[in-house]
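Asker: If you scroll down you'll find the structure; I have some questions about it.
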Amino acid sequence: MLVHSRKGRWALWALFLLFFVPLFALPLLVIVAASFSTNWSGAFPSGPTLGHYAAATRGDALRALTTSLVTALTASVLALVVGTWAALAAHALSKKGKRLMDALFMLPVAVPSVVVGLAVLVAFSQPPFLLNGTRWIVILAHTVLVTAFAYQSVSAAVVRLDPAYEQAAASLGARPSYVLWRVRLPLLLPSLNAAAGLCFALSMGELSATMMLYPPDWMPLPVRIFTATDRGSLFTGSAVAVVLMGATLLVLLAVSRIRTRASYR
Amino acid sequence: MPTRSALRNICPQREGKGAGKPPERPRTQRAFWVIPPVLALVLTFLYPLALLVQQSFTPLEGGTSVQPYVDVFEDPAFREALGTTVWLAVGATVGCLVLGFVLALVIAFVPFPGAKGVARFVDVFLSFPSFLITLALLFVYGTVGMANGLWTDVTGAASGPFQFLTTPWGVLLAEITYFTPFVMRPLLAAFSQLDTAQIEAASSLGAKAPRIVRQVILPEALPALAAGGSLVLIMCLNEFGIVLFTGAKGVTTLPTLVYSKAILESDWTAACVVAVVNVVISVGLYGLYRVVSRRVGA
């Protein structure tokens, strides 16, 4: 215990609440409260309604939700495949090669996502790869942005993997592909799950690159929230935002349940 | 579970050169497996970046010249955006470091009922997109929001005093709010490894809390602070959603300048020039961050 006097402890806790509640808890509460109200011109919102949710789960907004879910799911799966493959292949390299792979695959984190969007737009609006105006350009940009996180998470786990297991399997005559499929990947499952959750959440909330290149018929939720609030419909926007947060949390929860089952293996 | 020594007894021929490494295969064969993912990265990321750089050297009239760079650097709007981006990022990083350190300190060392829940809440907070914060701040400090509504109700004035949301200060507040958890998480991880006996020893030797923080906790936290701080600095330099959602005409940062040049003005060459400048700054800082975090072992 760092602070021994009771008075000092209470003073610190008060200070903590003073910063924590308005800065972190309040924003999320405010969005939830606003999504249920028609008007907010005093201390508290007024005119309770469910109308914004009716609007947020119908027509365009519903299409935006499925768009986001499909985009995030596809991008996460692609990112996991590429990221895991790269992490496993990099692990087998020499120290220098490993460092080069790290630098290569972590580079998209450092590059601003707006710039990733612009670069993808420039490159895939001209032959030989014409993707501009299709949903694939959005999915591609999301994949590029989240692959780095899959790579990082898996390559951190590969290092901690006990080589005894795969050596045992190999010494018993298992082929490399069998060792990979039945020994290494199952052992990596917890970190693969964590990476999947992270990739999914990031892709669900991705706005900057998407703003650069979404076609009119493939508008994900964050863009939908922006167009709503930009037009001045803040309350509809917050209902859509709550839908976004809810969908993200549900998927994260599902993923974390898989993880606990895998780690009890 | 077979331990490694048990395994050595079972198959002693694995002892020696191959131990601790994946089964040895020819180096060329191992390098071969690197090719597919690298090819994917080159095609989807490096090739677009190369085209972006090429485009930035191509003025409207065609040909190759540095004229686009000269034009952009002479543009006062660009210089202002560059200045705003840098001071916002530095300011937000300092704010996050101070706030994150204090909050993590309380959670870790002056725990209260529910401190664990707060730590979990921080994790959840990280999985939400940044622009939600700005959206929330619009309700709290916006022209008709909570704070101004309270003020006009109490004083009877026509409008409230909180008009900072569309200024850089609003962006700064939103960035500090959103990025502080990114500092708190590595700090909480570092604090959980700190031996409580150290603090108790210092305390029993008569050191007061501020001195313990300064001389025992802070040195332990420095690597985590350096890593978290530089990560936040890069993310603030690249932040787009927060600035876009404030809808502030007066606040332009490099990422929003890229967006407005490309999408609103359709000036692709200028957009690419600004993008290249932004990439150079961010990637340069990121390289520094990796060197620093490797040096301090974070």
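Ordered as shown in the structure tokens, chains take letters A, B, and onward, while each chain numbers its residues from 1 and ligands are numbered from 1 in the order shown.
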What are the closest atom pairs, with distances in Å to one decimal, for all residues of chain A lying within 7 Å of chain B? Consider only C-alpha atoms, order rows by chain and residue number, and present the result as a Markdown table.
Answerer:
```
| residue | atom | partner | partner_atom | distance |
| --- | --- | --- | --- | --- |
| A:Met1 | CA | B:Phe109 | CA | 6.0 |
| A:Leu2 | CA | B:Phe109 | CA | 5.8 |
| A:Val3 | CA | B:Ala209 | CA | 6.2 |
| A:Arg9 | CA | B:Val110 | CA | 7.0 |
| A:Phe16 | CA | B:Leu103 | CA | 6.4 |
| A:Leu23 | CA | B:Thr177 | CA | 5.8 |
| A:Phe24 | CA | B:Thr177 | CA | 6.6 |
| A:Pro27 | CA | B:Ala136 | CA | 4.9 |
| A:Leu28 | CA | B:Ala136 | CA | 7.0 |
| A:Val30 | CA | B:Ala136 | CA | 6.0 |
| A:Ile31 | CA | B:Ala136 | CA | 5.6 |
| A:Trp40 | CA | B:Gly145 | CA | 6.4 |
| A:Ser41 | CA | B:Val144 | CA | 5.2 |
| A:Gly42 | CA | B:Gly149 | CA | 4.0 |
| A:Ala43 | CA | B:Met146 | CA | 4.7 |
| A:Phe44 | CA | B:Met146 | CA | 6.7 |
| A:Val82 | CA | B:Pro37 | CA | 5.7 |
| A:Trp85 | CA | B:Pro37 | CA | 6.7 |
| A:Ala86 | CA | B:Pro37 | CA | 5.6 |
| A:Ala89 | CA | B:Val34 | CA | 5.3 |
| A:Ala90 | CA | B:Val34 | CA | 6.7 |
| A:Ala92 | CA | B:Arg30 | CA | 6.5 |
| A:Leu93 | CA | B:Ala31 | CA | 6.8 |
| A:Ala110 | CA | B:Val283 | CA | 5.4 |
| A:Val111 | CA | B:Val279 | CA | 5.5 |
| A:Pro112 | CA | B:Asn238 | CA | 4.7 |
| A:Val114 | CA | B:Pro255 | CA | 6.1 |
| A:Val115 | CA | B:Ala275 | CA | 5.7 |
| A:Ala119 | CA | B:Pro48 | CA | 4.8 |
| A:Val120 | CA | B:Pro48 | CA | 5.4 |
| A:Val122 | CA | B:Leu52 | CA | 6.7 |
| A:Ala123 | CA | B:Pro48 | CA | 4.9 |
| A:Val144 | CA | B:Phe45 | CA | 6.7 |
| A:Pro163 | CA | B:Gly20 | CA | 6.0 |
| A:Ala164 | CA | B:Arg4 | CA | 5.8 |
| A:Gln167 | CA | B:Pro23 | CA | 6.7 |
| A:Ala201 | CA | B:Ser127 | CA | 5.7 |
| A:Leu202 | CA | B:Ser127 | CA | 6.8 |
| A:Gly205 | CA | B:Pro129 | CA | 4.7 |
| A:Glu206 | CA | B:Pro129 | CA | 6.9 |
| A:Leu207 | CA | B:Gly241 | CA | 6.4 |
| A:Ser208 | CA | B:Phe240 | CA | 5.9 |
| A:Met212 | CA | B:Tyr259 | CA | 6.9 |
| A:Met245 | CA | B:Phe128 | CA | 6.8 |
```
Asker: Export C-alpha atoms of the chosen residues as a PDB file, in the first residue's frame?
Answerer:
```
ATOM      1  CA  MET A   1       0.000   0.000   0.000  1.00  0.00           C
ATOM      2  CA  LEU A   2       1.513   3.250  -1.160  1.00  0.00           C
ATOM      3  CA  VAL A   3      -0.611   5.680   0.827  1.00  0.00           C
ATOM      4  CA  ARG A   9      -6.388   7.479   0.170  1.00  0.00           C
ATOM      5  CA  PHE A  16      -9.213   9.513  -9.688  1.00  0.00           C
ATOM      6  CA  LEU A  23     -13.116  11.635 -19.326  1.00  0.00           C
ATOM      7  CA  PHE A  24     -13.759   7.945 -19.909  1.00  0.00           C
ATOM      8  CA  PRO A  27     -18.553   9.766 -23.197  1.00  0.00           C
ATOM      9  CA  LEU A  28     -19.867   6.235 -23.624  1.00  0.00           C
ATOM     10  CA  VAL A  30     -23.600  10.084 -23.104  1.00  0.00           C
ATOM     11  CA  ILE A  31     -23.786   8.319 -26.462  1.00  0.00           C
ATOM     12  CA  TRP A  40     -30.657  17.491 -25.322  1.00  0.00           C
ATOM     13  CA  SER A  41     -30.544  21.141 -24.393  1.00  0.00           C
ATOM     14  CA  GLY A  42     -30.216  20.975 -20.610  1.00  0.00           C
ATOM     15  CA  ALA A  43     -28.284  18.928 -18.124  1.00  0.00           C
ATOM     16  CA  PHE A  44     -30.126  15.779 -19.100  1.00  0.00           C
ATOM     17  CA  VAL A  82      -1.310 -13.717 -44.107  1.00  0.00           C
ATOM     18  CA  TRP A  85       1.931 -17.355 -42.321  1.00  0.00           C
ATOM     19  CA  ALA A  86       4.363 -14.447 -42.263  1.00  0.00           C
ATOM     20  CA  ALA A  89       7.904 -18.122 -41.835  1.00  0.00           C
ATOM     21  CA  ALA A  90       9.793 -15.233 -40.208  1.00  0.00           C
ATOM     22  CA  ALA A  92      12.358 -19.865 -39.138  1.00  0.00           C
ATOM     23  CA  LEU A  93      14.638 -17.170 -40.591  1.00  0.00           C
ATOM     24  CA  ALA A 110       3.286   3.642 -38.800  1.00  0.00           C
ATOM     25  CA  VAL A 111       1.796   4.870 -42.063  1.00  0.00           C
ATOM     26  CA  PRO A 112      -1.325   7.012 -41.474  1.00  0.00           C
ATOM     27  CA  VAL A 114      -5.635   7.995 -44.612  1.00  0.00           C
ATOM     28  CA  VAL A 115      -2.452   7.598 -46.622  1.00  0.00           C
ATOM     29  CA  ALA A 119      -2.267   4.811 -51.876  1.00  0.00           C
ATOM     30  CA  VAL A 120      -4.650   1.884 -52.378  1.00  0.00           C
ATOM     31  CA  VAL A 122      -4.224   5.444 -56.534  1.00  0.00           C
ATOM     32  CA  ALA A 123      -2.865   1.957 -57.206  1.00  0.00           C
ATOM     33  CA  VAL A 144      -3.651  -4.145 -45.171  1.00  0.00           C
ATOM     34  CA  PRO A 163       9.950 -26.254 -29.333  1.00  0.00           C
ATOM     35  CA  ALA A 164       9.851 -29.568 -27.434  1.00  0.00           C
ATOM     36  CA  GLN A 167      10.437 -31.769 -31.941  1.00  0.00           C
ATOM     37  CA  ALA A 201     -12.659  -4.567 -33.640  1.00  0.00           C
ATOM     38  CA  LEU A 202     -10.177  -2.413 -35.569  1.00  0.00           C
ATOM     39  CA  GLY A 205     -14.250   1.013 -36.347  1.00  0.00           C
ATOM     40  CA  GLU A 206     -12.057   1.882 -39.318  1.00  0.00           C
ATOM     41  CA  LEU A 207     -13.004   5.300 -40.700  1.00  0.00           C
ATOM     42  CA  SER A 208      -9.996   7.084 -42.194  1.00  0.00           C
ATOM     43  CA  MET A 212     -11.025   7.705 -48.997  1.00  0.00           C
ATOM     44  CA  MET A 245     -20.322  -0.735 -30.168  1.00  0.00           C
TER      45      MET A 245
END
```
Asker: Listing only residues of segment 61-158 of chain A within 8 Å of segment 178-194 of chain A, what is the closest atom pair and its distance in Å (to one decimal) for each, using only C-alpha atoms, sorted by chain and residue number ascending, as CSV?
Answerer:
```
residue,atom,partner,partner_atom,distance
A:Leu80,CA,A:Leu192,CA,7.5
A:Ala150,CA,A:Leu192,CA,7.7
A:Ser153,CA,A:Ser191,CA,6.5
A:Val154,CA,A:Ser191,CA,6.1
A:Ala157,CA,A:Ser191,CA,6.5
A:Val158,CA,A:Leu188,CA,7.3
```
Asker: For the residues selected in the previous step, produce a file with N, CA and C atoms as a PDB file, in the first residue's frame.
Answerer:
```
ATOM      1  N   LEU A  80      -5.480 -12.748 -40.716  1.00  0.00           N
ATOM      2  CA  LEU A  80      -4.983 -13.838 -39.871  1.00  0.00           C
ATOM      3  C   LEU A  80      -4.153 -14.811 -40.694  1.00  0.00           C
ATOM      4  N   ALA A 150      -2.225  -8.755 -36.559  1.00  0.00           N
ATOM      5  CA  ALA A 150      -2.222 -10.213 -36.528  1.00  0.00           C
ATOM      6  C   ALA A 150      -0.781 -10.717 -36.486  1.00  0.00           C
ATOM      7  N   SER A 153       0.835 -10.072 -33.000  1.00  0.00           N
ATOM      8  CA  SER A 153       0.316 -10.936 -31.948  1.00  0.00           C
ATOM      9  C   SER A 153       0.823 -12.367 -32.107  1.00  0.00           C
ATOM     10  N   VAL A 154       0.805 -12.882 -33.341  1.00  0.00           N
ATOM     11  CA  VAL A 154       1.227 -14.265 -33.552  1.00  0.00           C
ATOM     12  C   VAL A 154       2.737 -14.408 -33.378  1.00  0.00           C
ATOM     13  N   ALA A 157       3.711 -14.780 -29.925  1.00  0.00           N
ATOM     14  CA  ALA A 157       3.363 -16.073 -29.343  1.00  0.00           C
ATOM     15  C   ALA A 157       4.284 -17.180 -29.836  1.00  0.00           C
ATOM     16  N   VAL A 158       4.724 -17.088 -31.102  1.00  0.00           N
ATOM     17  CA  VAL A 158       5.581 -18.135 -31.670  1.00  0.00           C
ATOM     18  C   VAL A 158       6.876 -18.246 -30.876  1.00  0.00           C
TER      19      VAL A 158
END
```
Asker: Which of segment 25-260 of chain B end up as helix (DSSP H, G or I) when DSSP is run on this backbone - answer as a PyMOL selection string?
Answerer: chain B and resi 27-32+35-56+67-74+76-109+115-126+131-141+146-155+168-192+196-204+209-237+241-246+254-260
Asker: Do you have, as a tab-separated table, the list of residues of segment 50-169 of chain A lying at most 10 Å from segment 236-242 of chain A, each with its nearest atom pair and that distance in Å to one decimal, counting only C-alpha atoms and ordered by chain then number?
Answerer:
```
residue	atom	partner	partner_atom	distance
A:Leu50	CA	A:Ala239	CA	9.2
A:Gly51	CA	A:Thr236	CA	8.6
A:His52	CA	A:Thr236	CA	5.1
A:Tyr53	CA	A:Ala239	CA	5.8
A:Ala54	CA	A:Ala239	CA	9.2
A:Ala55	CA	A:Thr236	CA	7.4
A:Ala56	CA	A:Val240	CA	5.4
A:Thr57	CA	A:Val240	CA	8.2
A:Ala61	CA	A:Val240	CA	7.4
A:Leu62	CA	A:Val240	CA	9.3
A:Ala64	CA	A:Val240	CA	9.5
A:Leu65	CA	A:Val240	CA	8.8
```
